[in-house]
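Structure data (mmCIF, C-alpha atoms) from my_file08.cif:
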data_run
loop_
_atom_site.label_atom_id
_atom_site.label_comp_id
_atom_site.auth_asym_id
_atom_site.auth_seq_id
_atom_site.Cartn_x
_atom_site.Cartn_y
_atom_site.Cartn_z
CA MET A 1 91.06 67.37 108.53
CA LYS A 2 89.59 70.78 107.77
CA LYS A 3 91.92 73.43 106.46
CA LYS A 4 92.08 76.42 108.82
CA GLU A 5 90.94 79.67 107.30
CA ASN A 6 92.91 82.84 107.92
CA LEU A 7 90.84 85.20 109.99
CA ASN A 8 91.38 88.68 108.62
CA ILE A 9 89.75 91.55 110.39
CA GLU A 10 89.56 94.86 108.62
CA LEU A 11 90.38 97.65 111.01
CA GLU A 12 89.10 101.06 110.01
CA LEU A 13 90.01 104.17 111.94
CA ARG A 14 88.07 107.20 110.78
CA ALA A 15 88.41 110.84 111.74
CA GLU A 16 86.28 113.73 110.58
CA VAL A 17 88.60 116.55 109.49
CA SER A 18 88.04 120.20 108.57
CA SER A 19 88.71 121.44 105.04
CA ARG A 20 91.99 122.97 106.21
CA GLN A 21 93.07 119.72 107.87
CA PHE A 22 92.02 117.79 104.76
CA TYR A 23 94.24 119.86 102.47
CA ASN A 24 97.13 119.79 104.98
CA LEU A 25 96.89 115.99 105.14
CA LEU A 26 96.65 115.75 101.35
CA GLU A 27 99.85 117.77 100.95
CA GLN A 28 101.60 115.80 103.71
CA PHE A 29 100.64 112.45 102.15
CA LYS A 30 101.77 113.60 98.70
CA LYS A 31 105.22 114.37 100.15
CA GLN A 32 105.64 111.43 102.54
CA SER A 33 103.61 108.55 101.07
CA LYS A 34 103.12 106.62 97.87
CA PHE A 35 100.10 107.93 95.93
CA VAL A 36 97.95 104.99 94.77
CA SER A 37 94.86 106.47 93.12
CA SER A 38 92.21 109.14 93.01
CA THR A 39 88.59 108.59 92.00
CA LYS A 40 85.27 110.38 92.11
CA ARG A 41 82.14 108.44 93.05
CA LEU A 42 78.43 109.09 92.71
CA SER A 43 76.08 107.14 95.01
CA ALA A 44 72.35 106.77 95.35
CA MET A 45 71.66 105.74 98.94
CA PHE A 46 68.48 104.08 100.18
CA LEU A 47 67.98 103.92 103.95
CA SER A 48 65.31 102.05 105.87
CA LYS A 49 64.54 99.62 108.66
CA ILE A 50 63.47 96.07 107.90
CA ASN A 51 62.48 93.70 110.73
CA GLY A 52 63.99 96.18 113.21
CA ALA A 53 67.41 96.31 111.50
CA ASN A 54 68.87 99.38 109.80
CA ILE A 55 69.32 98.77 106.08
CA ASP A 56 71.57 100.89 103.88
CA ILE A 57 71.63 100.13 100.15
CA ARG A 58 73.99 102.06 97.90
CA VAL A 59 74.08 102.00 94.13
CA ARG A 60 77.31 103.61 93.05
CA ILE A 61 79.52 104.36 90.08
CA ASP A 62 83.02 105.79 90.10
CA SER A 63 85.08 107.77 87.62
CA ASN A 64 86.79 104.55 86.46
CA GLY A 65 83.43 103.01 85.53
CA LYS A 66 83.30 100.61 88.50
CA THR A 67 79.63 100.13 89.27
CA GLU A 68 78.20 98.18 92.21
CA ILE A 69 75.41 97.70 94.71
CA VAL A 70 76.42 97.61 98.37
CA ALA A 71 73.93 96.46 101.00
CA LYS A 72 74.67 97.00 104.68
CA LYS A 73 72.63 95.70 107.61
CA GLY A 74 72.99 96.87 111.20
CA ASP A 75 73.55 100.07 113.11
CA PHE A 76 75.47 102.73 111.23
CA HIS A 77 79.20 102.69 112.05
CA ALA A 78 78.78 99.52 114.16
CA HIS A 79 81.74 97.11 114.25
CA ASN A 80 79.56 94.08 113.54
CA ARG A 81 77.63 95.46 110.56
CA THR A 82 76.99 92.93 107.77
CA GLU A 83 77.97 94.10 104.30
CA LEU A 84 77.57 92.61 100.83
CA SER A 85 78.84 94.07 97.57
CA GLN A 86 77.81 93.02 94.06
CA LYS A 87 79.29 94.36 90.84
CA ILE A 88 76.78 95.46 88.21
CA ASN A 89 77.11 96.67 84.63
CA LYS A 90 77.22 100.42 83.99
CA ASP A 91 74.08 100.19 81.85
CA GLN A 92 72.15 98.84 84.87
CA PHE A 93 72.97 101.81 87.13
CA ILE A 94 69.90 104.01 86.44
CA GLY A 95 67.47 101.08 86.22
CA ILE A 96 68.53 99.73 89.62
CA ILE A 97 68.18 103.19 91.17
CA LYS A 98 64.67 103.46 89.74
CA THR A 99 63.83 100.01 91.14
CA PHE A 100 64.95 100.86 94.69
CA ALA A 101 63.17 104.22 94.49
CA LEU A 102 59.87 102.31 94.15
CA PHE A 103 60.26 100.89 97.68
CA GLY A 104 59.75 104.29 99.28
CA PHE A 105 62.95 104.18 101.36
CA ASN A 106 64.56 107.45 102.48
CA SER A 107 67.03 108.30 99.76
CA LYS A 108 69.78 110.72 98.90
CA ILE A 109 72.41 111.28 96.25
CA THR A 110 76.00 111.85 97.36
CA GLU A 111 79.27 112.40 95.59
CA ARG A 112 82.78 112.07 96.95
CA GLU A 113 86.36 112.15 95.88
CA ASN A 114 88.80 109.56 97.26
CA PHE A 115 92.56 110.00 97.46
CA VAL A 116 94.34 106.74 98.30
CA PHE A 117 97.88 106.51 99.66
CA ASP A 118 100.16 103.70 100.79
CA LEU A 119 101.86 104.78 104.04
CA GLY A 120 104.00 101.69 104.41
CA ASN A 121 104.32 100.46 108.03
CA ASP A 122 102.11 97.44 107.15
CA ILE A 123 99.14 99.75 106.63
CA ASP A 124 97.28 98.57 103.57
CA LEU A 125 95.78 101.84 102.53
CA THR A 126 94.84 105.30 103.65
CA GLN A 127 92.06 107.38 102.15
CA LEU A 128 91.30 111.03 102.29
CA ILE A 129 87.68 111.54 101.33
CA LYS A 130 86.37 114.90 100.15
CA LEU A 131 82.63 115.33 100.54
CA SER A 132 80.55 118.44 99.99
CA LEU A 133 79.79 118.99 103.71
CA MET A 134 82.57 117.08 105.53
CA ASN A 135 85.85 115.29 104.98
CA TYR A 136 87.33 112.09 106.38
CA ALA A 137 90.75 110.59 106.91
CA ILE A 138 90.51 106.80 107.05
CA VAL A 139 93.20 104.20 107.76
CA PHE A 140 92.50 100.59 106.77
CA GLN A 141 94.51 97.60 107.85
CA ASN A 142 93.79 93.92 107.71
CA ILE A 143 94.92 92.59 111.06
CA LEU A 144 95.08 89.34 112.94
CA THR A 145 95.87 90.75 116.39
CA GLY A 146 97.10 93.73 118.40
CA LEU A 147 97.93 96.48 115.90
CA LEU A 148 95.42 99.04 117.14
CA THR A 149 97.98 100.72 119.40
CA ASP A 150 100.47 101.04 116.52
CA LEU A 151 97.81 102.64 114.32
CA LYS A 152 96.76 105.06 117.04
CA ASN A 153 100.39 106.13 117.48
CA ILE A 154 100.72 106.73 113.75
CA LEU A 155 97.51 108.79 113.73
CA LYS A 156 98.72 110.89 116.67
CA ASN A 157 101.61 112.02 114.47
CA TRP A 158 99.27 113.33 111.77
CA GLN A 159 99.15 117.07 112.17
CA GLY A 160 96.45 117.49 114.80
CA CYS A 161 93.66 115.78 112.90
CA CYS A 162 92.53 112.93 115.05
CA PRO A 163 91.48 112.97 118.71
CA LEU A 164 91.17 109.23 119.32
CA THR A 165 89.37 107.43 122.11
CA ASP A 166 89.56 103.79 123.14
#
Structure re-expressed in structure tokens:
Amino acid sequence: MKKKENLNIELELRAEVSSRQFYNLLEQFKKQSKFVSSTKRLSAMFLSKINGANIDIRVRIDSNGKTEIVAKKGDFHAHNRTELSQKINKDQFIGIIKTFALFGFNSKITERENFVFDLGNDIDLTQLIKLSLMNYAIVFQNILTGLLTDLKNILKNWQGCCPLTD
């Protein structure tokens, strides 16, 4: 008899927030939540289409030295996007970027700062992400069924940041 695998679905609710909203949320989370971590990350992104599918390859390193390649296939922000992540050594970072640059994909360099909080309420983690041109508030939860309504209600209580649609 085959052992049943647990089916975990990662739910990600994302809202673009203004700089003012970002700093208000940051202060609110610092007061009302458990701070988990803060990191800065530098990414080289390579974007293309292969056999009609959008391809997004990111080579990234963070301020803790975590270095990885992430490949994503499918429409940007789609719920059924395929993603694969592979750790690499820090000394491979520049060489891998040079390798992908040879393919002629559209490319860009981005940097971001992540602030991670534990809100409790069975929510695994919440991130505030500071980018140069925009900011995000993201709630992640691994779910089996039916918690979307609970998460939307929690987000509605965040000081005016998140107009949500079904």
Taking into account only C-alpha atoms, which residue in the set A:Ala71, A:Glu27, A:Ile96, A:His79 is nearest to A:Leu13?
->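 Result for the nearest residue to A:Leu13: A:His79.
Note that the spacing between atom CA of A:Arg41 and atom CA of A:Gly65 amounts to 9.4 Å.
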What residues have an atom no more than 9 Å from (75.6, 93.1, 93.9) in the file's own frame, counting only C-alpha atoms, and can you write them as a list in words?
->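 So the residues meeting the distance criterion are Glu68, Ile69, Val70, Ala71, Leu84, Ser85, Gln86, Lys87 and Ile88 of chain A.
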Selection result of the PyMOL selection byres ((chain A and resi 109-122) around 6) on this file, as a VMD selection string = chain A and resid 33 to 44 108 123 125 to 131
Tell me which protein, DNA and RNA residues are within 8 Å of A:Phe93, counting only C-alpha atoms, leaving out same-chain ones fewer than 5 positions away, and put them as a VMD selection string.
-> chain A and resid 59 to 61 67 88
